[in-house]
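Asks: I am attaching a structure below and will ask some questions about it afterwards.
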Amino acid sequence: MAMILLDAEKAFNRVRSKLLSIVLNSVNGSSVTEFILLGLTDDPGLQVILFILFLLLYIFTFLGNCIIVVTVLCSSLLQTPMYFFLAQLSFLDLSFSNVFSPKILADLFSKKKTISLYGCFTQVYFFASCAGTEFFLLAVMSYDRYVAICSPLLYTVIMSKSLSVRLASASYIGGFLHSLIHVGCLFRLSFCGPDVINHFGCDFPVLLKLSCTDILINDLVRVGLSALVVASSLLVICFSYSHIVATILKIRTTAGRSRAASTCISHFTSVFFYFGSCFFLGMLPDSSSSEQQYKGIALIPTLIIPALNPLIYSLRNNEVKAALRKIVRQITYFQ
């Protein structure tokens, strides 16, 4: 009986694989059902070093952002819009790091570094969703700082809890819709070979290079939507910070200017690193010699910035450090 069930399972798997191949060919004419990822390096010694570094980075990212989220949720000192958005950013960074990190760590010690076609599309979708949402959320956070510094007496009235939730929700919706349009356009493409991706994961430019279909529409949609997301976010950030700088310069006391500026330093640092790394990725020439540079710079917004943000926002923020110390004291007291 066991042998019969085993044979039936093997037959079912063969039929399922055949049907999947038929579906893929009927949907978009693709003969490629999976891609081979070249990853970051094929040097065994360097792979061990990178595995240790990325594992530590992943653990630090997970713990750091979880601590920020838990601290904001549990502390009565941090129940303001600024820290609500900070918790959203930490949650987003946590999600961002999970798009590529587990696959990178697994592939560093895997002989067969493959990813299915639909697995590749899924990875692209969540990567683009997190990236788009972070652009919008950084813009929302800059507007929050603008209201806090330029209209401090009306801050709690303007940045109400309902508005904060709506702005955060709009950031997520905008990011996920932006990604959905991109990935929807990928389904019109055919992939007939080659099936080798010189990257540690799936990304729009990489997939477009491998397509055997005309990619003009995809390129127009990709460039147009990306420009719209970046330009609209950057416009809000530039508007906010131009008014913030003008307001700070009007403050007569040095202590007052320093206190006002300190509330924006952390956010501006995140904006600088995130927008800067994405700008360099977009400006790299489309050539084989730039592929290694692309992979290296792509690590910054996907792995390094999510790990740095908890440090950027906690080390320079006395309220976060005070709230964290209070939570630690409460935990040790009850123990």
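Simple scheme: letters A, B, ... for chains in structure tokens order, numbers from 1 for residues in each chain, numbers from 1 for ligands in the order shown.
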Please report, as a ChimeraX atom specification, each residue of range 74-282 of chain A to which DSSP assigns helix (DSSP H, G or I) when run on this structure's backbone.

Replies: /A:74,76-78,81-108,117-150,152-158,161-186,204-210,216-250,254-282

Asks: Identify, on the basis of only C-alpha atoms, every residue whose closest approach to Val230 in chain A does not exceed 10 Å; exclude the query and any residue fewer than 6 positions from it along the same chain; express the result as JSON, numbers by chain.

Replies: {"A": [132, 135, 136, 139, 275, 278, 279]}

Asks: If you keep C-alpha atoms, can you produce a file of those selected residues as a PDB file, in the first residue's frame?

Replies:
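Saved file out-v5.pdb follows:
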ATOM      1  CA  GLY A 132       8.053  52.618  -2.663  1.00  0.00           C
ATOM      2  CA  PHE A 135       9.940  56.820  -0.123  1.00  0.00           C
ATOM      3  CA  PHE A 136       6.417  57.897   0.836  1.00  0.00           C
ATOM      4  CA  ALA A 139       8.191  62.195   2.922  1.00  0.00           C
ATOM      5  CA  PHE A 275      17.796  58.605  -1.598  1.00  0.00           C
ATOM      6  CA  CYS A 278      18.842  54.770  -4.894  1.00  0.00           C
ATOM      7  CA  PHE A 279      20.117  57.685  -6.989  1.00  0.00           C
TER       8      PHE A 279
END

Asks: Could you name the residues that touch Ser97 in chain A at 6 Å or less, counting only C-alpha atoms, but leaving out those on the same chain fewer than 3 positions away, as a ChimeraX atom specification?

Replies: /A:94,101,303

Asks: Select, from A:Leu249, A:Leu138, A:Val196, A:Leu235, the residue with the minimum atom-to-atom distance to Lys112 in chain A, counting only C-alpha atoms.

Replies: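 Of A:Leu249, A:Leu138, A:Val196, A:Leu235, the one nearest Lys112 in chain A is A:Val196, counting only C-alpha atoms.
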
Asks: Neighbours of Ile68 in chain A within 8 Å (only C-alpha atoms; same-chain residues fewer than 3 positions away dropped), as a ChimeraX atom specification?

Replies: /A:64-65,71-72,86-87,90,310

Asks: Residues of the last selection are to be written out with N, CA and C atoms, as a PDB file, in the first residue's frame.

Replies:
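The file below, again-v5.pdb, is the result:
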ATOM      1  N   GLY A  64      17.160  45.247  16.459  1.00  0.00           N
ATOM      2  CA  GLY A  64      17.111  46.703  16.571  1.00  0.00           C
ATOM      3  C   GLY A  64      15.754  47.273  16.220  1.00  0.00           C
ATOM      4  N   ASN A  65      15.189  46.819  15.116  1.00  0.00           N
ATOM      5  CA  ASN A  65      13.887  47.345  14.698  1.00  0.00           C
ATOM      6  C   ASN A  65      12.761  46.828  15.579  1.00  0.00           C
ATOM      7  N   THR A  71       9.313  49.430  21.933  1.00  0.00           N
ATOM      8  CA  THR A  71       9.496  50.594  22.810  1.00  0.00           C
ATOM      9  C   THR A  71       8.448  51.659  22.539  1.00  0.00           C
ATOM     10  N   VAL A  72       8.181  51.935  21.263  1.00  0.00           N
ATOM     11  CA  VAL A  72       7.165  52.939  20.912  1.00  0.00           C
ATOM     12  C   VAL A  72       5.776  52.481  21.339  1.00  0.00           C
ATOM     13  N   LEU A  86       8.031  56.600  13.332  1.00  0.00           N
ATOM     14  CA  LEU A  86       9.285  55.880  13.541  1.00  0.00           C
ATOM     15  C   LEU A  86       9.035  54.380  13.677  1.00  0.00           C
ATOM     16  N   ALA A  87       7.977  54.019  14.394  1.00  0.00           N
ATOM     17  CA  ALA A  87       7.623  52.600  14.531  1.00  0.00           C
ATOM     18  C   ALA A  87       7.246  52.006  13.175  1.00  0.00           C
ATOM     19  N   SER A  90      10.452  51.385  11.281  1.00  0.00           N
ATOM     20  CA  SER A  90      11.145  50.198  11.791  1.00  0.00           C
ATOM     21  C   SER A  90      10.469  48.921  11.311  1.00  0.00           C
ATOM     22  N   PRO A 310      17.803  51.917  13.230  1.00  0.00           N
ATOM     23  CA  PRO A 310      17.630  51.885  14.690  1.00  0.00           C
ATOM     24  C   PRO A 310      18.730  52.644  15.428  1.00  0.00           C
TER      25      PRO A 310
END

Asks: With range 158-162 of chain A as the partner and 10 Å as the cut-off, tabulate the residues of range 45-126 of chain A that qualify, each row holding the nearest pair of atoms and their distance in Å to one decimal, using only C-alpha atoms, sorted by chain and rising number, as CSV.

Replies:
residue,atom,partner,partner_atom,distance
A:Gln79,CA,A:Lys161,CA,9.7
A:Thr80,CA,A:Lys161,CA,8.3
A:Pro81,CA,A:Met159,CA,6.7
A:Met82,CA,A:Met159,CA,9.3
A:Phe84,CA,A:Lys161,CA,9.2

Asks: Excluding Phe268 in chain A and its own-chain neighbours fewer than 2 positions away, which residues fall within 10 Å of it when counting only C-alpha atoms? Please give them as a PyMOL selection string.

Replies: chain A and resi 138+141-142+237+241+263-266+270-274

Asks: Would you mind exporting N, CA and C atoms of the selected residues as an mmCIF file, in the first residue's frame?

Replies:
data_model
loop_
_atom_site.group_PDB
_atom_site.id
_atom_site.type_symbol
_atom_site.label_atom_id
_atom_site.label_comp_id
_atom_site.auth_asym_id
_atom_site.auth_seq_id
_atom_site.Cartn_x
_atom_site.Cartn_y
_atom_site.Cartn_z
ATOM 1 N N LEU A 138 9.142 58.378 4.322
ATOM 2 C CA LEU A 138 10.149 59.401 4.627
ATOM 3 C C LEU A 138 9.619 60.794 4.311
ATOM 4 N N MET A 141 7.226 61.685 7.123
ATOM 5 C CA MET A 141 7.982 62.031 8.338
ATOM 6 C C MET A 141 8.572 63.434 8.235
ATOM 7 N N SER A 142 8.968 63.841 7.032
ATOM 8 C CA SER A 142 9.487 65.200 6.863
ATOM 9 C C SER A 142 8.377 66.231 7.061
ATOM 10 N N ILE A 237 9.718 66.516 0.756
ATOM 11 C CA ILE A 237 10.874 66.631 1.648
ATOM 12 C C ILE A 237 11.563 67.980 1.472
ATOM 13 N N TYR A 241 11.810 70.776 4.414
ATOM 14 C CA TYR A 241 13.097 71.187 4.976
ATOM 15 C C TYR A 241 13.473 72.619 4.624
ATOM 16 N N THR A 263 15.977 67.541 16.249
ATOM 17 C CA THR A 263 14.802 66.700 15.972
ATOM 18 C C THR A 263 14.735 66.266 14.514
ATOM 19 N N CYS A 264 15.552 66.910 13.662
ATOM 20 C CA CYS A 264 15.516 66.593 12.221
ATOM 21 C C CYS A 264 16.756 65.847 11.737
ATOM 22 N N ILE A 265 17.829 65.857 12.535
ATOM 23 C CA ILE A 265 19.097 65.277 12.090
ATOM 24 C C ILE A 265 18.951 63.808 11.731
ATOM 25 N N SER A 266 18.280 63.042 12.597
ATOM 26 C CA SER A 266 18.146 61.598 12.365
ATOM 27 C C SER A 266 17.386 61.319 11.072
ATOM 28 N N SER A 270 18.679 59.564 7.415
ATOM 29 C CA SER A 270 18.027 58.445 6.730
ATOM 30 C C SER A 270 17.682 58.812 5.295
ATOM 31 N N VAL A 271 17.159 60.022 5.106
ATOM 32 C CA VAL A 271 16.798 60.489 3.759
ATOM 33 C C VAL A 271 18.037 60.532 2.870
ATOM 34 N N PHE A 272 19.136 61.061 3.404
ATOM 35 C CA PHE A 272 20.368 61.200 2.633
ATOM 36 C C PHE A 272 20.886 59.837 2.163
ATOM 37 N N PHE A 273 20.961 58.878 3.076
ATOM 38 C CA PHE A 273 21.484 57.554 2.728
ATOM 39 C C PHE A 273 20.556 56.817 1.767
ATOM 40 N N TYR A 274 19.248 56.874 2.035
ATOM 41 C CA TYR A 274 18.306 56.107 1.217
ATOM 42 C C TYR A 274 18.185 56.685 -0.191
#

Asks: Have a look at CA of Leu46 in chain A and CA of Ser110 in chain A and let me know their distance in Å, one decimal.

Replies: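 According to the coordinates, CA of Leu46 in chain A and CA of Ser110 in chain A are separated by 14.0 Å.
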
Asks: What separation in Å, quoted to one decimal, exists between CA of Ala323 in chain A and CA of Ser171 in chain A?

Replies: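 The value is 26.8 Å.
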
Asks: Quick one: pull the distance between CA of Val124 in chain A and CA of Ile67 in chain A, Å, one decimal.

Replies: 27.6 Å

Asks: Skip Ser179 in chain A itself and residues of its chain fewer than 5 positions away, then list as a PDB file with C-alpha atoms, in the first residue's frame all residues within 7 Å of it, counting only C-alpha atoms.

Replies:
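Result file follows (selection_28.pdb):
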ATOM      1  CA  TYR A 125       6.828  42.645  -5.739  1.00  0.00           C
ATOM      2  CA  ALA A 128       9.320  47.277  -4.846  1.00  0.00           C
ATOM      3  CA  SER A 129       6.490  47.554  -2.287  1.00  0.00           C
TER       4      SER A 129
END

Asks: Based on the backbone DSSP call, show me all residues of range 70-276 of chain A assigned strand (DSSP E or B), as a list in words.

Replies: Thr114, Ile115, Ser116, Val196 and Ile197 of chain A

Asks: Which residue is closest to Ile297 in chain A? Choose from A:Ala260, A:Thr253, A:Phe200, A:Leu177 and count only C-alpha atoms.

Replies: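 Ranking A:Ala260, A:Thr253, A:Phe200, A:Leu177 by distance to Ile297 in chain A, first place goes to A:Phe200.
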
Asks: Name the closest residue to Ile244 in chain A among the candidates A:Ile59, A:Val157, A:Leu216, A:Ala148; distances are taken between atoms, counting only C-alpha atoms.

Replies: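 With only C-alpha atoms as the atom set, the closest residue is A:Ala148.
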
Asks: Given the choices A:Ile115, A:Leu210, A:Leu105, A:Leu163, which gets closest to Val48 in chain A if the distance is worked out from only C-alpha atoms?

Replies: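 Closest residue, counting only C-alpha atoms: A:Leu105.
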